[in-house]
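For reference, data_27.txt (compact mmCIF, C-alpha atoms):
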# COMPACT_ATOMS: atom_id res chain seq x y z
CA MET A 1 48.48 -115.91 15.60
CA PHE A 2 49.36 -112.77 17.58
CA ASP A 3 52.44 -114.52 19.00
CA GLU A 4 53.31 -115.77 15.51
CA ASP A 5 53.28 -112.14 14.31
CA THR A 6 55.68 -111.31 17.14
CA LEU A 7 58.04 -114.18 16.25
CA PHE A 8 58.08 -113.32 12.53
CA GLY A 9 58.63 -109.65 13.39
CA LEU A 10 61.64 -110.54 15.54
CA MET A 11 63.01 -112.76 12.78
CA THR A 12 62.64 -109.87 10.32
CA MET A 13 64.55 -107.54 12.67
CA ARG A 14 67.57 -109.83 13.19
CA GLN A 15 70.63 -107.58 13.13
CA GLN A 16 73.66 -109.76 13.76
CA GLY A 17 75.02 -113.26 13.81
CA MET A 18 77.54 -114.24 16.45
CA ALA A 19 79.76 -117.28 16.86
CA GLY A 20 81.49 -118.17 20.08
CA PRO A 21 81.53 -120.49 23.09
CA ALA A 22 77.99 -121.18 24.26
CA ASP A 23 78.82 -120.12 27.82
CA GLN A 24 80.33 -116.79 26.72
CA LEU A 25 77.56 -115.40 24.51
CA PRO A 26 75.71 -112.26 25.70
CA ILE A 27 73.06 -114.66 27.01
CA THR A 28 74.57 -118.05 27.81
CA ALA A 29 73.07 -120.56 25.38
CA PRO A 30 72.55 -124.20 26.34
CA PRO A 31 75.29 -126.28 24.71
CA SER A 32 72.94 -129.00 23.45
CA HIS A 33 73.11 -128.34 19.74
CA GLY A 34 73.81 -131.53 17.82
CA PRO A 35 73.12 -135.24 18.25
CA ALA A 36 76.03 -135.56 20.67
CA GLY A 37 75.72 -132.06 22.12
CA LEU A 38 78.53 -129.51 22.35
CA ALA A 39 80.87 -128.79 25.21
CA PRO A 40 80.47 -125.22 26.57
CA SER A 41 83.88 -124.27 25.16
CA ASN A 42 82.92 -125.31 21.63
CA PRO A 43 81.59 -122.54 19.36
CA VAL A 44 77.93 -122.13 18.45
CA ARG A 45 76.26 -119.59 16.18
CA VAL A 46 73.29 -117.45 17.16
CA HIS A 47 71.26 -114.60 15.67
CA ALA A 48 70.37 -111.62 17.83
CA LEU A 49 68.80 -108.16 17.82
CA TYR A 50 68.18 -105.08 19.94
CA CYS A 51 64.86 -103.28 19.60
CA LEU A 52 62.24 -101.13 21.24
CA VAL A 53 58.84 -102.77 21.49
CA SER A 54 57.46 -99.81 19.53
CA GLN A 55 59.93 -100.58 16.70
CA LEU A 56 58.74 -104.20 16.64
CA GLU A 57 55.14 -102.97 16.50
CA ASN A 58 56.04 -100.74 13.54
CA ILE A 59 57.46 -103.74 11.65
CA ILE A 60 54.43 -105.90 12.35
CA LYS A 61 51.77 -103.26 11.64
CA GLY A 62 53.63 -101.50 8.81
CA HIS A 63 53.09 -97.97 10.10
CA THR A 64 53.56 -95.69 13.10
CA PRO A 65 50.57 -93.79 14.55
CA ALA A 66 50.95 -90.01 14.70
CA ASN A 67 50.88 -90.10 18.50
CA GLY A 68 52.83 -93.33 18.84
CA TRP A 69 51.57 -96.69 20.08
CA GLY A 70 49.36 -96.72 23.16
CA GLY A 71 50.41 -98.35 26.39
CA ARG A 72 47.89 -101.19 26.04
CA THR A 73 49.23 -102.09 22.59
CA LEU A 74 52.84 -102.17 23.78
CA THR A 75 51.96 -104.11 26.92
CA LYS A 76 50.23 -106.75 24.82
CA ARG A 77 53.30 -107.03 22.57
CA ARG A 78 55.65 -107.23 25.58
CA ASP A 79 53.51 -110.03 26.99
CA SER A 80 53.80 -111.80 23.63
CA ILE A 81 57.61 -111.57 23.69
CA ASP A 82 57.60 -112.96 27.23
CA THR A 83 55.34 -115.81 26.10
CA LEU A 84 57.72 -116.68 23.27
CA SER A 85 60.67 -116.72 25.68
CA ARG A 86 58.87 -119.49 27.60
CA VAL A 87 57.99 -121.58 24.55
CA MET A 88 60.03 -124.75 24.27
CA LEU A 89 60.34 -127.26 21.46
CA LYS A 90 60.84 -130.85 22.59
CA PHE A 91 62.71 -133.33 20.41
CA VAL A 92 62.52 -137.01 21.24
CA ARG A 93 64.36 -139.80 19.43
CA PRO A 94 64.81 -143.53 20.09
CA LYS A 95 67.87 -144.52 22.12
CA GLY A 96 68.23 -148.25 22.57
CA ALA A 97 65.52 -150.87 22.57
CA ASP A 98 62.97 -149.20 24.85
CA ALA A 99 64.47 -145.84 25.77
CA PHE A 100 64.15 -142.32 24.36
CA HIS A 101 66.45 -139.32 24.47
CA GLY A 102 64.60 -136.01 24.92
CA GLN A 103 65.97 -132.55 24.23
CA PRO A 104 63.89 -129.42 24.94
CA ILE A 105 65.05 -126.07 23.54
CA HIS A 106 63.84 -122.49 24.00
CA LEU A 107 62.93 -120.50 20.89
CA ILE A 108 64.48 -117.26 22.16
CA PHE A 109 66.29 -115.82 25.16
CA ILE A 110 65.58 -112.25 26.26
CA GLU A 111 66.88 -109.47 28.48
CA TYR A 112 65.01 -106.19 28.76
CA ILE A 113 64.49 -102.83 30.39
CA VAL A 114 60.82 -101.80 30.55
CA THR A 115 59.44 -98.32 31.15
CA PRO A 116 55.78 -97.25 31.42
CA LYS A 117 55.93 -96.01 27.81
CA ASP A 118 58.07 -98.61 26.02
CA GLY A 119 60.51 -101.47 26.48
CA PHE A 120 64.06 -102.12 25.24
CA TYR A 121 64.83 -105.75 24.46
CA TYR A 122 67.84 -107.86 23.59
CA VAL A 123 66.62 -111.03 21.86
CA GLN A 124 68.89 -113.98 21.11
CA PHE A 125 67.67 -116.97 19.12
CA HIS A 126 68.59 -120.48 20.24
CA PRO A 127 71.56 -121.93 18.26
CA VAL A 128 69.34 -124.62 16.73
CA LEU A 129 66.80 -122.04 15.57
CA SER A 130 69.63 -119.89 14.19
CA GLN A 131 70.84 -122.90 12.22
CA TRP A 132 67.36 -123.42 10.79
CA LEU A 133 67.11 -119.74 9.84
CA GLU A 134 70.34 -120.05 7.86
CA GLU A 135 69.64 -123.40 6.21
CA TYR A 136 65.89 -123.34 5.54
CA ARG A 137 64.51 -120.14 4.05
CA THR A 138 60.80 -119.46 3.88
CA TYR A 139 60.01 -115.85 3.06
CA ILE A 140 57.03 -114.31 4.83
CA ASP A 141 56.04 -111.06 3.14
CA PHE A 142 54.67 -108.80 5.88
CA ASN A 143 53.10 -106.52 3.25
CA ILE A 144 50.85 -109.46 2.38
CA ARG A 145 50.45 -110.84 5.89
CA ARG A 146 49.17 -107.53 7.30
CA GLN A 147 46.19 -107.62 4.93
CA LEU A 148 44.93 -111.09 5.90
CA SER A 149 42.64 -112.49 8.57
CA PRO A 150 44.05 -114.93 11.16
CA LEU A 151 43.01 -117.85 8.94
CA GLY A 152 44.51 -116.08 5.92
CA LYS A 153 47.81 -115.61 7.78
CA ALA A 154 47.93 -119.32 8.58
CA ILE A 155 47.20 -120.20 4.94
CA HIS A 156 49.84 -117.75 3.68
CA ARG A 157 52.45 -119.05 6.13
CA ALA A 158 51.84 -122.67 5.07
CA LEU A 159 51.83 -121.90 1.34
CA ALA A 160 54.96 -119.74 1.59
CA SER A 161 56.98 -122.89 2.29
CA GLN A 162 55.69 -124.46 -0.96
CA ARG A 163 56.35 -121.63 -3.42
CA SER A 164 59.39 -123.26 -5.01
CA ASN A 165 57.09 -126.01 -6.32
CA GLY A 166 55.19 -123.66 -8.61
CA VAL A 167 52.01 -125.69 -8.10
CA PHE A 168 50.80 -127.24 -4.85
CA ASP A 169 48.03 -129.84 -4.40
CA VAL A 170 46.76 -131.01 -1.02
CA LEU A 171 43.71 -132.65 0.50
CA LEU A 172 41.74 -129.80 2.01
CA ILE A 173 41.06 -131.56 5.32
CA ASP A 174 44.78 -132.36 5.68
CA PHE A 175 45.72 -128.76 4.86
CA PHE A 176 43.37 -127.32 7.48
CA GLU A 177 44.64 -129.79 10.05
CA SER A 178 48.26 -128.85 9.29
CA ILE A 179 47.63 -125.13 9.92
CA GLY A 180 45.57 -125.72 13.06
CA ALA A 181 42.24 -124.64 11.57
CA SER A 182 39.73 -126.68 13.58
CA GLY A 183 36.02 -127.10 13.02
CA SER A 184 33.96 -128.01 9.99
CA ALA A 185 35.99 -128.23 6.78
CA ALA A 186 33.02 -126.71 4.91
CA ASP A 187 32.99 -123.70 7.26
CA ARG A 188 36.76 -123.24 7.00
CA LYS A 189 36.52 -123.49 3.21
CA ARG A 190 33.98 -120.65 3.13
CA GLU A 191 36.30 -118.54 5.29
CA ALA A 192 39.32 -119.47 3.17
CA ILE A 193 37.86 -118.42 -0.20
CA PRO A 194 38.07 -114.61 0.35
CA GLN A 195 41.57 -115.05 1.78
CA LEU A 196 42.71 -117.04 -1.25
CA ASP A 197 41.11 -114.37 -3.45
CA LYS A 198 43.16 -111.78 -1.55
CA LEU A 199 46.35 -113.78 -2.11
CA CYS A 200 45.61 -113.72 -5.84
CA GLU A 201 44.88 -109.99 -5.72
CA LEU A 202 48.24 -109.42 -3.98
CA SER A 203 50.07 -111.49 -6.63
CA PHE A 204 51.12 -114.22 -4.21
CA LEU A 205 48.99 -116.70 -6.16
CA ASP A 206 48.11 -116.79 -9.83
CA SER A 207 45.07 -118.98 -9.21
CA TYR A 208 43.49 -121.62 -7.01
CA GLU A 209 40.73 -124.19 -7.32
CA PHE A 210 38.89 -126.77 -5.26
CA THR A 211 38.18 -130.20 -6.74
CA GLY A 212 36.00 -132.98 -5.39
CA THR A 213 32.63 -132.81 -3.69
CA GLY A 214 33.82 -133.60 -0.19
CA ARG A 215 31.46 -136.59 -0.12
CA ARG A 216 32.44 -139.47 -2.37
CA VAL A 217 35.50 -137.61 -3.63
CA ALA A 218 37.59 -135.80 -1.02
CA THR A 219 38.01 -132.07 -1.64
CA LYS A 220 41.47 -131.00 -2.74
CA LEU A 221 43.01 -127.54 -2.92
CA ARG A 222 45.24 -126.73 -5.86
CA VAL A 223 47.15 -123.46 -5.99
CA VAL A 224 49.36 -121.99 -8.69
CA PHE A 225 51.96 -119.57 -7.34
CA SER A 226 52.71 -116.26 -8.99
CA LYS A 227 56.07 -116.06 -10.74
CA ARG A 228 56.30 -112.36 -9.99
CA SER A 229 58.78 -111.56 -7.24
CA SER A 230 57.79 -109.61 -4.15
CA PRO A 231 60.20 -107.50 -2.07
CA ALA A 232 60.45 -110.27 0.54
CA ASP A 233 61.86 -112.64 -2.08
CA VAL A 234 64.95 -110.53 -2.53
CA LYS A 235 67.63 -110.94 0.10
What would the structure in this file look like if it were written as structure tokens?
Amino acid sequence: MFDEDTLFGLMTMRQQGMAGPADQLPITAPPSHGPAGLAPSNPVRVHALYCLVSQLENIIKGHTPANGWGGRTLTKRRDSIDTLSRVMLKFVRPKGADAFHGQPIHLIFIEYIVTPKDGFYYVQFHPVLSQWLEEYRTYIDFNIRRQLSPLGKAIHRALASQRSNGVFDVLLIDFFESIGASGSAADRKREAIPQLDKLCELSFLDSYEFTGTGRRVATKLRVVFSKRSSPADVK
């Protein structure tokens, strides 16, 4: 969840979109972009940003301490950025009768200058991720996210992609599995209730309810989203 905060913070801080040959971008981007790939001379589009690690921490935490962020805090965030730069998504699709075509992509590419007190980063999103950011919009309100527990953040992130439905129903065990909440469903439900209450208090949800006993009838979660707009919904 810490690394997810870092990724969402970087997405929030995107400053520019660039289009150009993949091999001539500030950081050369792999040309594999579509089903047939792209030649290096063909244009791709990427999103990018420059930031201090302390600026990223301000975005994620929503404030700046009077004496600035401590070295341990910034080191932990730098390590998180480095972790994200090593994360790869792997896409595999059938190709022929018994063969598969695999395509791994990095989430982000980074260049940086680090000092004992801070770090200056250039972050460039992979062309595929940039395409997703332009075509599929899920708004994560950091004002809400900052006030939630790790489980609450996972719930909020999953529900944020369903807001356009107005009402969302899901089997509770399937929902917990989809957000990576392992362990007893009953235990996770107890932990989820105060977080769902908080989402109602913050006007993200109008209401929620659980139906079913979890024995003969599987427990379902039903949420009704608030129709009131939050700042993150305005772009």
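Nearest residue to Gln16 of chain A, choosing from A:Tyr50, A:Phe204, A:Tyr112, A:Phe225 and counting all atoms listed in the file: A:Tyr50.
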Shell around Leu172 of chain A at 8 Å using all atoms listed in the file, local window under 5 positions removed, as a ChimeraX atom specification: /A:185,218-221
Convert the current residue selection to file output with C-alpha atoms, as an mmCIF file, in the coordinates of the input.
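Dumped everything to result_36.cif:
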data_model
loop_
_atom_site.group_PDB
_atom_site.id
_atom_site.type_symbol
_atom_site.label_atom_id
_atom_site.label_comp_id
_atom_site.auth_asym_id
_atom_site.auth_seq_id
_atom_site.Cartn_x
_atom_site.Cartn_y
_atom_site.Cartn_z
ATOM 1 C CA ALA A 185 35.990 -128.230 6.780
ATOM 2 C CA ALA A 218 37.590 -135.800 -1.020
ATOM 3 C CA THR A 219 38.010 -132.070 -1.640
ATOM 4 C CA LYS A 220 41.470 -131.000 -2.740
ATOM 5 C CA LEU A 221 43.010 -127.540 -2.920
#
Could you jot down the atom CA of Tyr139 of chain A to atom CA of Ser182 of chain A separation for me, Å, one decimal place? 25.3 Å
Would you list the contacts of Phe176 of chain A as a PyMOL selection string, taking every protein, DNA or RNA residue within 12 Å and counting all atoms listed in the file, but skipping same-chain residues closer than 5 positions in sequence? chain A and resi 151-152+154-155+158-159+170-171+181-189+191-192+219-221
Excluding Gln147 of chain A and any residue of its chain fewer than 6 positions from it, enumerate the residues within 12 Å of it, using only C-alpha atoms, and give them as a ChimeraX atom specification. /A:60-62,141,153,156,194-199,201-202
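If only C-alpha atoms are the atoms counted, then among A:Leu133, A:Val167, A:Ile179, A:Met13 the closest residue to Glu209 of chain A is A:Val167.
Interatomic distance, atom CA of Asp79 of chain A against atom CA of Ala48 of chain A: 19.3 Å.
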Could the residues of segment 113-151 of chain A that have an atom at most 12 Å from segment 81-87 of chain A be listed as CSV, each with its closest atom pair and the distance in Å to one decimal, counting all atoms listed in the file and ordered by chain and ascending residue number?
residue,atom,partner,partner_atom,distance
A:Gly119,CA,A:Ile81,CA,10.9
A:Phe120,CA,A:Ile81,CA,11.5
A:Tyr121,CA,A:Ile81,CA,9.3
A:Tyr122,CA,A:Ile81,CA,10.9
A:Val123,CA,A:Ser85,CA,9.1
A:Gln124,CA,A:Ser85,CA,9.8
A:Phe125,CA,A:Ser85,CA,9.6
A:His126,CA,A:Ser85,CA,10.3
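If you look at atom CA of Leu89 of chain A and atom CA of Leu107 of chain A, they are 7.3 Å away from each other.
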Residues within 12 Å of Lys76 of chain A, please, as an MDAnalysis selection string. Count all atoms listed in the file; anything in the same chain fewer than 5 positions from it doesn't count. chainID A and resid 2:3 6 53:54 57 69:71 81:83 118:119
Let me have the centre and edge lengths of the axis-aligned box enclosing all listed atoms of segment 2-10 of chain A with 4 Å padding on every side, in Å to one decimal, as AutoDock Vina command-line options.
--center_x 55.5 --center_y -112.7 --center_z 15.8 --size_x 20.3 --size_y 14.1 --size_z 14.5
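Taking all atoms listed in the file into account, Val224 of chain A lies nearest to A:Arg163 out of the set A:Arg78, A:His63, A:Arg163, A:His106.
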